[in-house]
Amino acid sequence: MAPQHRRTRSGRLAVVAASVVATTALASGPGYAAGAGVARIAGPPAPTPAVTPAPVIPALPERPRVTPPPPLPAPAWPGKLAPAFGAYLDYGPRGVARMLDLSRWLGGAELRVGHTYLPGDRWSNIEGAPGFLDAWARWRTGRDDRMFVLNVPMLERNEEQVSDAEVRQLLRQGAAGRFDRHFRALAERLVRLKVPDTVIVLGWEMNGTTYTHRCGPDPESWKTYWNRIVTAMRAVPGQKFRFDFAPSRGRDAVPWTRCYPGDDSVDIVGMDSYDQPSGVTFDEQVNEPYGLQAQVNFAKAHGKPVSYPEWGLFRNGDNAEYMRRMLAWMNEHKPLYNTLTDYCPHGVWQCPDNPRAAEIYRSLLSGTITDPVTEPAEPTDPVTEPAEPTVPASPTSPPTCSPVDLGDWVEYWLGGKLCLRFDWWARNR
């Protein structure tokens, strides 16, 4: 099968773009990140070395949200126990705040899983820049039954189209221990934030071609490097990390089984599974080589639980059948957790393009947990991006703004142009 990693990543492009200025923005005060839904432009021009950090970038206006229907009255999840589920809603404090809104849309079902990504542009961000994880840590410690899932890149410049030859060299350096200190620093930060039981999705989608931390150029060095990272993080006193090995569904550039680093360093066998390629049925997604059934069989043979850190709609549009079948698959196979990617084109709540699939998701998950929903803690650290107020139920018009010319290369990684609100100064005084 052809590689499957040509999906739009507007939500995580915002993470990567924001990370270009993450250290400066977090240190100097509140700023805004580019939002999801911007259009990706065609291939980038040749990059030029950055000399100084980019300025803090105000946010793009978010696309209007459709008015949600009233809450559904009764649980409809077919299993006896509500799954540990969540959704990727935004990488920063806004992602924490939106969890409550999504829970309300689901009739009070609590999202027990919070999910975000560390920017992979530079080592200082892979270590967890000061303030970046604070809001997530406050949410996680608010209740004992919550789970925090953190995608961690294995190499810097993680989405910069680094050549296979350079990736091979970097993997060998990692296997020799050159980068251990960065992962010790991350582990120490997570322990200090009192989230020592974080689920680490390390080097996700390694079987593809998108990321610098891919496995294909040197699978043996990749496995050795993974094991070094896990050893370094587990050596930090107080840690209780679980490490999730999460390839993309299917063969992709290399069979993901060739990248498996071993049972001693893997706690969970995950899989990122979107509704693609075009025209492929859910049964084909289950039965294809290295597909969903292969994942379940592999995990069982190795005594590991499964997970779905990324899943959602894609090439087949508003596919209600995919949504119904994927939820039924997870109900049958009981993953440790699953987190829907909830921005267009993959999502259901923040994306108005998929109303049929959204109703399936909502009807099956509404009311699965009867405990009262707990408000997420408001971020108070001045170096973090402030959480936005609860998004109103009715659509709102984008504010008047002025386009900002940042150059083709920056706009490529942002996924589109930025628009500066005329009232941004008043909003930040």
# chains A, B, ... in the order shown; residues from 1 in each chain; ligands from 1
$ residues_around --residues "Cys215 of chain A" --least-positions-apart "5" --cutoff "10 Å" --atoms "only C-alpha atoms" --output "PyMOL selection string"
chain A and resi 164+167-168+171+203+205-209+220-223+253-256+258-260
$ residues_around --residues "Met330 of chain A" --least-positions-apart "6" --cutoff "12 Å" --atoms "only C-alpha atoms" --output "compact mmCIF listing (two decimals) with N, CA, C and O atoms, in the first residue's frame"
# COMPACT_ATOMS: atom_id res chain seq x y z
N TRP A 77 -23.45 3.86 24.98
CA TRP A 77 -22.28 3.04 24.70
C TRP A 77 -22.63 1.58 24.93
O TRP A 77 -23.17 1.20 25.96
N PRO A 78 -22.34 0.68 23.96
CA PRO A 78 -22.82 -0.69 24.05
C PRO A 78 -22.12 -1.57 25.08
O PRO A 78 -22.62 -2.62 25.41
N GLY A 79 -20.98 -1.16 25.59
CA GLY A 79 -20.27 -1.98 26.56
C GLY A 79 -20.73 -1.71 27.98
O GLY A 79 -21.49 -0.79 28.26
N ALA A 82 -17.57 2.33 30.66
CA ALA A 82 -17.22 3.45 29.80
C ALA A 82 -15.73 3.40 29.51
O ALA A 82 -14.92 3.15 30.38
N PRO A 83 -15.34 3.63 28.26
CA PRO A 83 -13.92 3.58 27.92
C PRO A 83 -13.19 4.82 28.42
O PRO A 83 -13.81 5.87 28.66
N ALA A 84 -11.88 4.71 28.57
CA ALA A 84 -11.06 5.89 28.85
C ALA A 84 -10.83 6.59 27.51
O ALA A 84 -10.01 6.14 26.70
N PHE A 85 -11.58 7.64 27.27
CA PHE A 85 -11.49 8.30 25.97
C PHE A 85 -11.30 9.79 26.15
O PHE A 85 -11.52 10.36 27.22
N MET A 271 -1.82 2.47 17.84
CA MET A 271 -1.91 2.61 16.39
C MET A 271 -2.67 3.89 16.07
O MET A 271 -3.72 4.18 16.66
N SER A 273 -4.90 5.54 13.37
CA SER A 273 -5.72 4.94 12.32
C SER A 273 -6.80 5.92 11.86
O SER A 273 -7.79 6.12 12.56
N VAL A 286 -9.23 -3.24 8.72
CA VAL A 286 -9.02 -4.27 9.73
C VAL A 286 -8.06 -5.34 9.22
O VAL A 286 -7.11 -5.74 9.92
N LEU A 292 -5.49 -3.14 11.58
CA LEU A 292 -6.04 -3.16 12.93
C LEU A 292 -6.03 -4.56 13.55
O LEU A 292 -5.72 -4.72 14.74
N GLN A 293 -6.36 -5.58 12.76
CA GLN A 293 -6.34 -6.94 13.32
C GLN A 293 -4.91 -7.37 13.65
O GLN A 293 -4.66 -8.02 14.67
N VAL A 296 -3.95 -5.89 17.02
CA VAL A 296 -4.55 -6.59 18.15
C VAL A 296 -3.86 -7.94 18.37
O VAL A 296 -3.54 -8.32 19.51
N PRO A 305 -1.57 -4.18 26.26
CA PRO A 305 -2.84 -3.57 25.86
C PRO A 305 -2.66 -2.77 24.58
O PRO A 305 -1.53 -2.40 24.21
N VAL A 306 -3.76 -2.48 23.90
CA VAL A 306 -3.72 -1.64 22.71
C VAL A 306 -4.21 -0.24 23.05
O VAL A 306 -4.82 0.00 24.09
N SER A 307 -3.95 0.70 22.14
CA SER A 307 -4.45 2.07 22.28
C SER A 307 -4.63 2.65 20.89
O SER A 307 -4.09 2.13 19.91
N TYR A 308 -5.36 3.77 20.83
CA TYR A 308 -5.54 4.52 19.59
C TYR A 308 -5.33 6.00 19.89
O TYR A 308 -6.29 6.75 20.11
N TRP A 311 -7.06 8.94 15.85
CA TRP A 311 -7.97 8.32 14.90
C TRP A 311 -9.01 9.34 14.50
O TRP A 311 -9.19 10.36 15.16
N MET A 323 -17.24 5.74 11.41
CA MET A 323 -17.37 6.14 12.82
C MET A 323 -18.04 5.05 13.64
O MET A 323 -17.58 4.70 14.74
N ARG A 324 -19.12 4.49 13.12
CA ARG A 324 -19.83 3.43 13.83
C ARG A 324 -18.94 2.21 14.01
O ARG A 324 -18.85 1.63 15.10
N LEU A 336 -6.64 0.57 26.07
CA LEU A 336 -6.35 1.27 27.32
C LEU A 336 -6.90 2.69 27.26
O LEU A 336 -7.41 3.22 28.26
N TYR A 337 -6.84 3.33 26.09
CA TYR A 337 -7.43 4.65 25.89
C TYR A 337 -7.56 4.89 24.40
O TYR A 337 -6.93 4.20 23.57
N ASN A 338 -8.37 5.88 24.02
CA ASN A 338 -8.40 6.36 22.64
C ASN A 338 -8.64 7.85 22.67
O ASN A 338 -9.35 8.37 23.54
N THR A 339 -8.05 8.56 21.73
CA THR A 339 -8.25 10.01 21.62
C THR A 339 -8.48 10.38 20.15
O THR A 339 -7.60 10.23 19.31
N LEU A 340 -9.69 10.82 19.88
CA LEU A 340 -10.07 11.28 18.55
C LEU A 340 -9.31 12.56 18.22
O LEU A 340 -9.15 13.44 19.08
N LEU A 364 -23.32 7.52 20.64
CA LEU A 364 -22.72 6.35 21.27
C LEU A 364 -21.94 6.68 22.54
O LEU A 364 -21.77 5.82 23.40
$ atom_distance --atom1 "atom CA of Pro130 of chain A" --atom2 "atom CA of Glu310 of chain A"
25.9 Å
$ closest_residue --among "A:Phe314, A:Phe148, A:Tyr274, A:Tyr211" --to "Asp197 of chain A" --atoms "only C-alpha atoms"
A:Phe148
$ closest_residue --among "A:Arg140, A:His333, A:Arg362, A:Arg178" --to "Trp349 of chain A" --atoms "only C-alpha atoms"
A:Arg362
$ select_by_dssp --residues "segment 69-312 of chain A" --states "strand (DSSP E or B)" --output "PyMOL selection string"
chain A and resi 85-88+113-117+147-152+199-202+242-245+248+268-270+272-274+306-312
$ atom_distance --atom1 "atom CA of Leu150 of chain A" --atom2 "atom CA of Asp263 of chain A"
20.3 Å
$ closest_residue --among "A:His115, A:Ala109, A:Met154, A:Asn331" --to "Arg94 of chain A" --atoms "only C-alpha atoms"
A:His115
$ residues_around --residues "Tyr290 of chain A" --least-positions-apart "3" --cutoff "10 Å" --atoms "only C-alpha atoms" --output "JSON, numbers by chain"
{"A": [247, 248, 249, 250, 251, 252, 255, 256, 257, 285, 286, 287, 293, 294, 295, 296, 298]}
$ write_last_selection --atoms "N, CA and C atoms" --output "CSV table (one decimal), in the first residue's frame"
chain,number,residue,atom,x,y,z
A,247,PRO,N,2.6,3.0,15.8
A,247,PRO,CA,2.8,3.3,14.3
A,247,PRO,C,1.5,3.7,13.7
A,248,SER,N,1.6,4.1,12.4
A,248,SER,CA,0.4,4.3,11.6
A,248,SER,C,-0.1,3.0,11.1
A,249,ARG,N,-1.4,2.9,10.9
A,249,ARG,CA,-2.0,1.7,10.4
A,249,ARG,C,-1.5,1.3,9.0
A,250,GLY,N,-1.2,0.0,8.8
A,250,GLY,CA,-0.8,-0.4,7.5
A,250,GLY,C,0.7,-0.5,7.4
A,251,ARG,N,1.2,-0.9,6.2
A,251,ARG,CA,2.6,-1.1,6.1
A,251,ARG,C,3.4,0.3,6.0
A,252,ASP,N,2.8,1.2,5.3
A,252,ASP,CA,3.4,2.5,5.1
A,252,ASP,C,4.8,2.4,4.5
A,255,PRO,N,7.4,-2.0,7.3
A,255,PRO,CA,6.5,-2.7,8.3
A,255,PRO,C,6.8,-2.3,9.7
A,256,TRP,N,5.8,-1.9,10.5
A,256,TRP,CA,6.1,-1.4,11.8
A,256,TRP,C,6.6,-2.5,12.7
A,257,THR,N,6.4,-3.7,12.4
A,257,THR,CA,7.0,-4.8,13.2
A,257,THR,C,8.5,-4.8,13.2
A,285,GLN,N,-9.5,-2.0,6.3
A,285,GLN,CA,-8.6,-1.4,7.3
A,285,GLN,C,-8.3,-2.4,8.4
A,286,VAL,N,-9.2,-3.2,8.7
A,286,VAL,CA,-9.0,-4.3,9.7
A,286,VAL,C,-8.1,-5.3,9.2
A,287,ASN,N,-8.3,-5.8,8.0
A,287,ASN,CA,-7.6,-7.0,7.5
A,287,ASN,C,-6.4,-6.8,6.7
A,293,GLN,N,-6.4,-5.6,12.8
A,293,GLN,CA,-6.3,-6.9,13.3
A,293,GLN,C,-4.9,-7.4,13.6
A,294,ALA,N,-4.0,-7.0,12.8
A,294,ALA,CA,-2.6,-7.3,13.0
A,294,ALA,C,-2.1,-6.7,14.3
A,295,GLN,N,-2.5,-5.4,14.6
A,295,GLN,CA,-2.1,-4.8,15.8
A,295,GLN,C,-2.7,-5.5,17.0
A,296,VAL,N,-4.0,-5.9,17.0
A,296,VAL,CA,-4.6,-6.6,18.1
A,296,VAL,C,-3.9,-7.9,18.4
A,298,PHE,N,-0.8,-8.8,17.5
A,298,PHE,CA,0.6,-8.6,17.9
A,298,PHE,C,0.6,-8.2,19.4
$ atom_distance --atom1 "atom CA of Ala301 of chain A" --atom2 "atom CA of Pro261 of chain A"
14.8 Å
$ residues_around --residues "Thr116 of chain A" --least-positions-apart "3" --cutoff "12 Å" --atoms "only C-alpha atoms" --output "ChimeraX atom specification"
/A:11-12,15,86-96,113,119,128,132-133,135-137,147-153,198-201,309-310,339-342
$ select_by_dssp --residues "segment 124-312 of chain A" --states "alpha helix (DSSP H)" --output "VMD selection string"
chain A and resid 124 to 126 134 to 140 164 to 175 180 to 192 219 to 234 282 to 287 292 to 301
$ closest_residue --among "A:Arg146, A:Glu332, A:Leu327, A:His213" --to "Glu160 of chain A" --atoms "only C-alpha atoms"
A:His213
